[in-house]
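Participant: Before anything else, here's the structure in question.
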Amino acid sequence: MGEKIKNIIKTMETLASKHYAMKWDNVGLQVGSKEAEVRKVIVCLDVTKEVMKEAIENKADMIIAHHPVIFSPLKSVVKEDYKGNLIHEAIKNDIHIYSAHTNMDIAKDGLNDYIVDKLALENPDILDITDREKLYKIVVFVPKGHEDKVADGLAEAGAGHIGNYSHCSFRIEGTGTFKPQEGTNPFIGKQGELEKVEEIRLETIVPQSRLAQSIEKMTAAHPYEEVAYDIFPLNNLGEKRGIGRIATLPSSKVLSDFAKGIKEIFQLKAVKVTGDITEEVKKIAVVNGSGADYIQLAAARGCDCLVTGDVKYHEAQTALELGIKVIDAGHFETEMFFTDLVVNYLKGQNLNIEVIASQTKINPFNIL
Ligand SMILES: [Zn+2]
């Protein structure tokens, strides 16, 4: 048992690429080495000294956390300081620390979508678009008869998907020429002789996040020793990404009932609600963690209610003025699902590691 950290990072980034993260964020491997091999990964929301103790006791050699352990500029690593001590302990015990923060919020099937599912909301859309995926066109020249195999390889890697259609490609026949030089082992033809072959020009579209693996699968499925292909950057707009979701309840609900449902789902002792609790809501904005900054945008986009955490007095007042309801379900409470999400995701991948969820209660607040 054991897996290189770089493979675990690659797997994590297949779900939530670090390029998705907000500019101010600090995600990725924060302590340790990409080349190291680990056996046991512990997943948590925050790296605290209790979580570090838990990791050491459980002989975990990697911590995957939502909140970055190094966030504000770290000017020193001193054992007597809280953060310094954490990093010191991590290095001393050979524990590597990785963070997936806003990239995991933003990612499709990440934390925002997880909460949309938990709340049984339908037709999710992005609340605040931060980015659009870059698109490329791959053109590859394949000897006739091998084009389906190459197209399958591309599709398997995530190329050729348009909307709900896979295997999208365009093919045209032509003649390819080549002359094998000394030291070659050609699939067709002989060294030193000009060869003319019936070939298919196969072209398809690929998002940036799937480009490298598409080239890998394409060349593996291609019979030629040297594969001729072109990659063109496109100006077409790729899939949108962003913070928060707007989704709808299957049918309108009175705000007090919706809030009570959230209390149950998030296992809360209390929930803070602004606005008339007897009014109905249907179009819901969701921003896990600290989302009060999105009150105005959610109102402008016609949402009846924003579900988030960390809402302050004046922000609640703004919501009242704008006529949007806000449910403050708590920062911790709307993000604690990170652990389940990542544990379940990693367990479903082909990794040679044990994955456990941290059991440390790290919510700094108690409701009495
Ligand atoms: Zn957070």
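How things are named: the first chain in the structure tokens is A, the next is B, and so on; residues count from 1 in each chain; ligands count from 1 in the order shown.
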Using only C-alpha atoms and all ligand atoms, find each residue in chain A having at least one atom no more than 7 Å away from ligand 1; report its shortest atom-to-atom pair and that distance in Å (one decimal), rows by chain then rising number, as CSV.

Facilitator:
residue,atom,partner,partner_atom_place_in_ligand_line,distance
A:His67,CA,ligand 1,1 (Zn),6.1
A:Gly289,CA,ligand 1,1 (Zn),4.4
A:Ser290,CA,ligand 1,1 (Zn),6.3
A:His331,CA,ligand 1,1 (Zn),6.1
A:Phe332,CA,ligand 1,1 (Zn),7.0
A:Glu335,CA,ligand 1,1 (Zn),6.3

Participant: Pull N, CA and C atoms from the residues just selected and write them as a compact mmCIF listing (two decimals), in the first residue's frame.

Facilitator:
# COMPACT_ATOMS: atom_id res chain seq x y z
N HIS A 67 -9.71 24.56 4.53
CA HIS A 67 -9.07 25.87 4.75
C HIS A 67 -7.55 25.74 4.71
N GLY A 289 -19.90 28.55 3.48
CA GLY A 289 -18.88 29.33 4.18
C GLY A 289 -19.35 30.74 4.44
N SER A 290 -18.52 31.69 4.00
CA SER A 290 -18.78 33.09 4.30
C SER A 290 -19.32 33.77 3.04
N HIS A 331 -20.86 29.14 9.15
CA HIS A 331 -19.70 28.88 8.26
C HIS A 331 -19.29 27.41 8.36
N PHE A 332 -19.09 26.98 9.60
CA PHE A 332 -18.68 25.58 9.82
C PHE A 332 -19.73 24.61 9.28
N GLU A 335 -19.88 24.02 5.63
CA GLU A 335 -18.66 23.52 5.00
C GLU A 335 -18.21 22.17 5.54

Participant: Would you kindly return, as a PDB file with C-alpha atoms, in the first residue's frame, each protein, DNA or RNA residue with an atom no farther than 12 Å from any atom of Ala151 in chain A, considering only C-alpha atoms and excluding same-chain residues fewer than 3 positions away?

Facilitator:
ATOM      1  CA  ILE A 138      -7.291  18.826 -31.641  1.00  0.00           C
ATOM      2  CA  VAL A 139      -6.730  17.733 -35.240  1.00  0.00           C
ATOM      3  CA  VAL A 140      -5.122  14.342 -35.735  1.00  0.00           C
ATOM      4  CA  PHE A 141      -4.271  12.412 -38.891  1.00  0.00           C
ATOM      5  CA  VAL A 142      -5.109   8.701 -38.641  1.00  0.00           C
ATOM      6  CA  GLY A 145      -9.673   2.095 -40.318  1.00  0.00           C
ATOM      7  CA  HIS A 146      -8.087   3.286 -37.072  1.00  0.00           C
ATOM      8  CA  GLU A 147     -10.111   6.492 -36.667  1.00  0.00           C
ATOM      9  CA  ASP A 148     -12.767   4.998 -34.356  1.00  0.00           C
ATOM     10  CA  LEU A 154     -10.112  11.019 -27.168  1.00  0.00           C
ATOM     11  CA  ALA A 155     -13.687  10.643 -25.904  1.00  0.00           C
ATOM     12  CA  GLU A 156     -12.526   8.565 -22.945  1.00  0.00           C
ATOM     13  CA  ALA A 157     -10.137  11.374 -21.975  1.00  0.00           C
ATOM     14  CA  GLY A 158     -12.920  13.952 -22.066  1.00  0.00           C
ATOM     15  CA  ALA A 159     -12.493  15.393 -25.568  1.00  0.00           C
ATOM     16  CA  GLY A 160     -15.380  15.710 -28.021  1.00  0.00           C
ATOM     17  CA  HIS A 161     -18.088  16.540 -25.505  1.00  0.00           C
ATOM     18  CA  SER A 166     -20.082  12.721 -26.455  1.00  0.00           C
ATOM     19  CA  HIS A 167     -17.898  11.465 -29.356  1.00  0.00           C
ATOM     20  CA  CYS A 168     -18.450  14.707 -31.308  1.00  0.00           C
ATOM     21  CA  SER A 169     -15.951  14.838 -34.168  1.00  0.00           C
ATOM     22  CA  PHE A 170     -15.549  15.767 -37.789  1.00  0.00           C
ATOM     23  CA  ARG A 171     -13.750  13.497 -40.231  1.00  0.00           C
ATOM     24  CA  ILE A 200      -8.607  10.530 -41.981  1.00  0.00           C
ATOM     25  CA  ARG A 201      -8.296  14.055 -40.631  1.00  0.00           C
ATOM     26  CA  LEU A 202     -10.136  13.672 -37.331  1.00  0.00           C
ATOM     27  CA  GLU A 203     -10.932  16.829 -35.412  1.00  0.00           C
ATOM     28  CA  THR A 204     -12.620  17.448 -32.114  1.00  0.00           C
ATOM     29  CA  ILE A 205     -12.929  19.974 -29.289  1.00  0.00           C
ATOM     30  CA  SER A 214      -6.547  13.652 -24.382  1.00  0.00           C
ATOM     31  CA  ILE A 215      -3.164  13.861 -26.113  1.00  0.00           C
ATOM     32  CA  LYS A 217      -4.946   8.703 -24.850  1.00  0.00           C
ATOM     33  CA  MET A 218      -4.965   9.816 -28.478  1.00  0.00           C
ATOM     34  CA  THR A 219      -1.310   8.954 -29.076  1.00  0.00           C
ATOM     35  CA  ALA A 220      -1.725   5.658 -27.190  1.00  0.00           C
ATOM     36  CA  ALA A 221      -4.667   4.654 -29.431  1.00  0.00           C
ATOM     37  CA  HIS A 222      -2.881   5.754 -32.631  1.00  0.00           C
TER      38      HIS A 222
END

Participant: Check the DSSP output for the backbone and give back, as a short mmCIF file (atom, residue, chain, number, x, y, z; two decimals) with N, CA and C atoms, in the first residue's frame, the residues of range 18-209 of chain A in strand (DSSP E).

Facilitator:
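Listing of part22.cif after writing:
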data_model
loop_
_atom_site.label_atom_id
_atom_site.label_comp_id
_atom_site.auth_asym_id
_atom_site.auth_seq_id
_atom_site.Cartn_x
_atom_site.Cartn_y
_atom_site.Cartn_z
N GLY A 28 -3.51 23.98 -2.73
CA GLY A 28 -2.51 23.02 -3.21
C GLY A 28 -1.69 22.46 -2.06
N LEU A 29 -0.54 21.87 -2.42
CA LEU A 29 0.33 21.28 -1.40
C LEU A 29 1.01 22.41 -0.65
N GLN A 30 0.85 22.44 0.68
CA GLN A 30 1.40 23.55 1.47
C GLN A 30 2.58 23.13 2.32
N VAL A 31 2.59 21.87 2.73
CA VAL A 31 3.73 21.36 3.51
C VAL A 31 4.02 19.96 2.98
N GLU A 37 5.74 9.22 -0.69
CA GLU A 37 4.69 8.22 -0.80
C GLU A 37 3.92 8.19 0.51
N VAL A 38 2.60 8.16 0.42
CA VAL A 38 1.80 8.13 1.65
C VAL A 38 0.87 6.92 1.63
N LYS A 40 -1.82 6.76 4.37
CA LYS A 40 -3.08 7.09 5.02
C LYS A 40 -3.34 8.59 4.96
N VAL A 41 -4.52 8.96 4.50
CA VAL A 41 -4.88 10.36 4.36
C VAL A 41 -6.03 10.66 5.31
N ILE A 42 -5.90 11.77 6.04
CA ILE A 42 -7.00 12.20 6.92
C ILE A 42 -7.57 13.50 6.33
N VAL A 43 -8.90 13.57 6.26
CA VAL A 43 -9.55 14.71 5.64
C VAL A 43 -10.25 15.54 6.72
N CYS A 44 -10.08 16.86 6.67
CA CYS A 44 -10.67 17.73 7.68
C CYS A 44 -11.03 19.09 7.09
N MET A 62 -0.78 12.18 5.50
CA MET A 62 -1.20 13.33 4.70
C MET A 62 -2.51 13.88 5.27
N ILE A 63 -2.59 15.21 5.34
CA ILE A 63 -3.83 15.87 5.76
C ILE A 63 -4.37 16.62 4.54
N ILE A 64 -5.63 16.38 4.21
CA ILE A 64 -6.29 17.19 3.17
C ILE A 64 -7.32 18.05 3.89
N ALA A 65 -7.13 19.37 3.81
CA ALA A 65 -8.00 20.30 4.53
C ALA A 65 -8.69 21.24 3.55
N HIS A 96 2.21 15.44 5.32
CA HIS A 96 2.10 16.40 4.22
C HIS A 96 0.73 17.06 4.28
N ILE A 97 0.67 18.34 3.98
CA ILE A 97 -0.63 19.05 4.10
C ILE A 97 -1.02 19.67 2.75
N TYR A 98 -2.25 19.37 2.36
CA TYR A 98 -2.78 19.84 1.07
C TYR A 98 -4.11 20.53 1.33
N SER A 99 -4.36 21.60 0.59
CA SER A 99 -5.63 22.32 0.78
C SER A 99 -6.39 22.46 -0.54
N GLU A 122 -33.11 22.10 -7.34
CA GLU A 122 -33.06 21.64 -8.73
C GLU A 122 -32.48 22.70 -9.66
N ASN A 123 -32.04 22.25 -10.81
CA ASN A 123 -31.53 23.09 -11.91
C ASN A 123 -30.48 24.13 -11.46
N PRO A 124 -29.40 23.69 -10.85
CA PRO A 124 -28.41 24.66 -10.37
C PRO A 124 -27.69 25.40 -11.49
N ASP A 125 -27.49 26.68 -11.26
CA ASP A 125 -26.72 27.53 -12.17
C ASP A 125 -25.66 28.23 -11.32
N ILE A 126 -24.67 28.85 -11.96
CA ILE A 126 -23.62 29.54 -11.21
C ILE A 126 -24.16 30.89 -10.72
N LEU A 127 -23.87 31.25 -9.48
CA LEU A 127 -24.28 32.56 -8.97
C LEU A 127 -23.33 33.65 -9.48
N ASP A 128 -22.04 33.49 -9.23
CA ASP A 128 -21.07 34.52 -9.63
C ASP A 128 -19.98 33.87 -10.50
N ILE A 129 -20.04 34.15 -11.79
CA ILE A 129 -19.09 33.51 -12.71
C ILE A 129 -17.69 34.09 -12.51
N THR A 130 -16.72 33.23 -12.22
CA THR A 130 -15.34 33.70 -12.00
C THR A 130 -14.47 33.42 -13.22
N ASP A 131 -14.88 32.49 -14.05
CA ASP A 131 -13.98 32.02 -15.09
C ASP A 131 -14.76 31.18 -16.10
N ARG A 132 -14.19 31.05 -17.28
CA ARG A 132 -14.74 30.10 -18.24
C ARG A 132 -13.61 29.22 -18.73
N LEU A 135 -11.02 26.49 -24.39
CA LEU A 135 -11.26 25.34 -25.27
C LEU A 135 -10.18 25.26 -26.35
N TYR A 136 -9.90 24.06 -26.77
CA TYR A 136 -8.91 23.82 -27.83
C TYR A 136 -9.52 22.88 -28.86
N LYS A 137 -8.96 22.96 -30.06
CA LYS A 137 -9.32 21.97 -31.09
C LYS A 137 -8.12 21.08 -31.33
N ILE A 138 -8.35 19.78 -31.30
CA ILE A 138 -7.29 18.83 -31.64
C ILE A 138 -7.60 18.30 -33.03
N VAL A 139 -6.61 18.34 -33.91
CA VAL A 139 -6.73 17.73 -35.24
C VAL A 139 -5.66 16.66 -35.34
N VAL A 140 -6.10 15.43 -35.65
CA VAL A 140 -5.12 14.34 -35.73
C VAL A 140 -5.33 13.58 -37.05
N PHE A 141 -4.24 13.13 -37.61
CA PHE A 141 -4.27 12.41 -38.89
C PHE A 141 -4.07 10.93 -38.62
N VAL A 142 -5.08 10.12 -39.02
CA VAL A 142 -5.11 8.70 -38.64
C VAL A 142 -5.25 7.84 -39.89
N PRO A 143 -4.46 6.75 -40.03
CA PRO A 143 -4.67 5.88 -41.19
C PRO A 143 -6.09 5.30 -41.16
N PHE A 170 -15.36 15.60 -36.36
CA PHE A 170 -15.55 15.77 -37.79
C PHE A 170 -14.41 15.03 -38.48
N ARG A 171 -14.76 14.33 -39.57
CA ARG A 171 -13.75 13.50 -40.23
C ARG A 171 -13.76 13.77 -41.72
N ILE A 172 -12.60 13.85 -42.31
CA ILE A 172 -12.52 14.02 -43.76
C ILE A 172 -11.34 13.18 -44.28
N GLU A 173 -11.56 12.59 -45.47
CA GLU A 173 -10.51 11.71 -46.00
C GLU A 173 -9.50 12.50 -46.81
N GLY A 174 -8.27 12.02 -46.81
CA GLY A 174 -7.23 12.66 -47.62
C GLY A 174 -6.03 11.73 -47.73
N THR A 175 -4.97 12.28 -48.28
CA THR A 175 -3.76 11.47 -48.45
C THR A 175 -2.66 12.03 -47.56
N GLY A 176 -2.09 11.16 -46.78
CA GLY A 176 -0.95 11.55 -45.95
C GLY A 176 0.32 11.04 -46.59
N THR A 177 1.40 11.77 -46.49
CA THR A 177 2.68 11.29 -47.04
C THR A 177 3.75 11.33 -45.97
N PHE A 178 4.69 10.39 -46.10
CA PHE A 178 5.85 10.41 -45.21
C PHE A 178 6.93 9.50 -45.79
N GLU A 195 5.98 7.22 -48.85
CA GLU A 195 4.74 6.46 -48.69
C GLU A 195 3.55 7.39 -48.79
N LYS A 196 2.51 6.95 -49.50
CA LYS A 196 1.25 7.69 -49.57
C LYS A 196 0.18 6.83 -48.94
N VAL A 197 -0.51 7.37 -47.96
CA VAL A 197 -1.49 6.58 -47.21
C VAL A 197 -2.83 7.29 -47.16
N GLU A 198 -3.89 6.53 -47.30
CA GLU A 198 -5.24 7.10 -47.11
C GLU A 198 -5.42 7.37 -45.63
N GLU A 199 -5.64 8.60 -45.33
CA GLU A 199 -5.76 8.96 -43.91
C GLU A 199 -7.05 9.73 -43.65
N ILE A 200 -7.44 9.74 -42.41
CA ILE A 200 -8.61 10.53 -41.98
C ILE A 200 -8.09 11.70 -41.17
N ARG A 201 -8.55 12.90 -41.49
CA ARG A 201 -8.30 14.05 -40.63
C ARG A 201 -9.45 14.07 -39.62
N LEU A 202 -9.13 13.77 -38.39
CA LEU A 202 -10.14 13.67 -37.33
C LEU A 202 -9.99 14.89 -36.43
N GLU A 203 -11.05 15.65 -36.28
CA GLU A 203 -10.93 16.83 -35.41
C GLU A 203 -12.03 16.86 -34.36
N THR A 204 -11.66 17.38 -33.22
CA THR A 204 -12.62 17.45 -32.11
C THR A 204 -12.22 18.56 -31.15
N ILE A 205 -13.14 18.86 -30.22
CA ILE A 205 -12.93 19.97 -29.29
C ILE A 205 -12.57 19.39 -27.92
N VAL A 206 -11.75 20.13 -27.17
CA VAL A 206 -11.36 19.62 -25.85
C VAL A 206 -11.17 20.78 -24.87
N PRO A 207 -11.71 20.65 -23.64
CA PRO A 207 -11.45 21.70 -22.64
C PRO A 207 -10.02 21.60 -22.12
#

Participant: Residues within 12 Å of Ile246 in chain A, please, as number ranges by chain. Count only C-alpha atoms; anything in the same chain fewer than 2 positions from it doesn't count.

Facilitator: A: 112-113, 115-116, 121-129, 242-244, 248-249, 282-287, 294, 297-307

Participant: Set out as JSON lines a contact list for range 322-341 of chain A and range 346-361 of chain A with a cut-off of 12 Å, giving each residue of range 322-341 of chain A that qualifies its closest atom pair and distance in Å to one decimal, counting only C-alpha atoms, ordered by chain and rising residue number.

Facilitator:
{"residue": "A:Phe332", "atom": "CA", "partner": "A:Lys361", "partner_atom": "CA", "distance": 10.4}
{"residue": "A:Glu333", "atom": "CA", "partner": "A:Lys361", "partner_atom": "CA", "distance": 11.6}
{"residue": "A:Met336", "atom": "CA", "partner": "A:Lys361", "partner_atom": "CA", "distance": 10.2}
{"residue": "A:Phe337", "atom": "CA", "partner": "A:Ala357", "partner_atom": "CA", "distance": 10.6}
{"residue": "A:Phe338", "atom": "CA", "partner": "A:Ala357", "partner_atom": "CA", "distance": 9.8}
{"residue": "A:Thr339", "atom": "CA", "partner": "A:Ala357", "partner_atom": "CA", "distance": 6.0}
{"residue": "A:Asp340", "atom": "CA", "partner": "A:Ala357", "partner_atom": "CA", "distance": 7.2}
{"residue": "A:Leu341", "atom": "CA", "partner": "A:Leu346", "partner_atom": "CA", "distance": 8.6}

Participant: Those residues with N, CA and C atoms, as a compact mmCIF listing (two decimals), in the first residue's frame please?

Facilitator:
# COMPACT_ATOMS: atom_id res chain seq x y z
N PHE A 332 -19.09 26.98 9.60
CA PHE A 332 -18.68 25.58 9.82
C PHE A 332 -19.73 24.61 9.28
N GLU A 333 -20.99 24.90 9.61
CA GLU A 333 -22.08 23.97 9.27
C GLU A 333 -22.28 23.81 7.77
N MET A 336 -18.87 21.72 6.61
CA MET A 336 -18.42 20.47 7.24
C MET A 336 -18.55 19.28 6.27
N PHE A 337 -19.36 19.44 5.23
CA PHE A 337 -19.55 18.34 4.26
C PHE A 337 -18.31 18.11 3.40
N PHE A 338 -17.35 19.04 3.48
CA PHE A 338 -16.09 18.88 2.74
C PHE A 338 -15.48 17.51 3.05
N THR A 339 -15.51 17.15 4.33
CA THR A 339 -14.90 15.88 4.75
C THR A 339 -15.56 14.70 4.04
N ASP A 340 -16.89 14.64 4.11
CA ASP A 340 -17.61 13.53 3.45
C ASP A 340 -17.34 13.51 1.96
N LEU A 341 -17.41 14.71 1.38
CA LEU A 341 -17.25 14.82 -0.08
C LEU A 341 -15.89 14.25 -0.51

Participant: May I ask for the distance between CA of Gly189 in chain A and CA of Asp152 in chain A, given in Å to one decimal place?

Facilitator: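 Rounded to one decimal, the two atoms are 25.7 Å apart.
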
Participant: List as a list in words the protein and nucleic acid residues near Leu74 in chain A, meaning an atom at most 12 Å away when only C-alpha atoms are counted, but skip any in the same chain fewer than 2 places from it.

Facilitator: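 So the residues in contact are Asn26, Gln30, Pro68, Val69, Ile70, Phe71, Ser72, Ser76, Val77, Val78, Asp81, Tyr82, Lys83, Gly84 and Ile87 of chain A.
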
Participant: Keeping N, CA and C atoms, export the residues of the selection given above as a compact mmCIF listing (two decimals), in the first residue's frame.

Facilitator:
# COMPACT_ATOMS: atom_id res chain seq x y z
N ASN A 26 -5.04 30.46 -1.40
CA ASN A 26 -3.76 29.75 -1.41
C ASN A 26 -4.06 28.27 -1.28
N GLN A 30 0.85 22.44 0.68
CA GLN A 30 1.40 23.55 1.47
C GLN A 30 2.58 23.13 2.32
N PRO A 68 -6.89 26.63 3.95
CA PRO A 68 -5.43 26.55 3.85
C PRO A 68 -4.76 26.78 5.21
N VAL A 69 -3.76 25.96 5.53
CA VAL A 69 -3.04 26.14 6.79
C VAL A 69 -2.12 27.36 6.68
N ILE A 70 -1.63 27.61 5.48
CA ILE A 70 -0.83 28.83 5.24
C ILE A 70 -1.67 29.73 4.35
N PHE A 71 -2.12 30.84 4.91
CA PHE A 71 -3.04 31.69 4.17
C PHE A 71 -2.51 33.13 4.10
N SER A 72 -2.53 33.82 5.23
CA SER A 72 -1.94 35.15 5.23
C SER A 72 -0.43 34.94 5.12
N SER A 76 7.29 33.58 9.55
CA SER A 76 8.25 32.76 10.29
C SER A 76 7.59 31.44 10.66
N VAL A 77 8.42 30.42 10.88
CA VAL A 77 7.91 29.13 11.37
C VAL A 77 8.58 28.88 12.71
N VAL A 78 7.92 29.34 13.77
CA VAL A 78 8.48 29.26 15.11
C VAL A 78 7.63 28.30 15.93
N ASP A 81 4.80 29.47 18.19
CA ASP A 81 3.58 30.07 17.63
C ASP A 81 2.63 28.94 17.21
N TYR A 82 1.32 29.26 17.21
CA TYR A 82 0.32 28.22 16.88
C TYR A 82 0.57 27.61 15.50
N LYS A 83 0.61 28.47 14.47
CA LYS A 83 0.81 27.97 13.08
C LYS A 83 2.19 27.36 12.92
N GLY A 84 3.18 28.05 13.47
CA GLY A 84 4.56 27.56 13.38
C GLY A 84 4.67 26.17 13.98
N ILE A 87 3.19 23.49 11.60
CA ILE A 87 4.07 23.17 10.48
C ILE A 87 5.28 22.37 10.98

Participant: I'd like the interatomic distance between CA of Gly330 in chain A and CA of Asp310 in chain A, to a tenth of an Å.

Facilitator: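 If I compute the distance from CA of Gly330 in chain A to CA of Asp310 in chain A, I get 6.0 Å.
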
Participant: What gap, in Å, lies between CA of His19 in chain A and CA of Thr334 in chain A?

Facilitator: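 CA of Thr334 in chain A lies 23.1 Å from CA of His19 in chain A.
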
Participant: Ranking A:Arg245, A:Ser251, A:Lys272, A:Leu211 by minimum distance to Tyr114 in chain A and counting only C-alpha atoms, which one comes first?

Facilitator: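 Using only C-alpha atoms, the shortest distance to Tyr114 in chain A belongs to A:Arg245.
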
Participant: Which residue out of A:Ile91, A:Pro186, A:Lys53, A:Ser33 has the minimum interatomic distance to Val227 in chain A when only C-alpha atoms are used?

Facilitator: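 Ranking A:Ile91, A:Pro186, A:Lys53, A:Ser33 by distance to Val227 in chain A, first place goes to A:Pro186.
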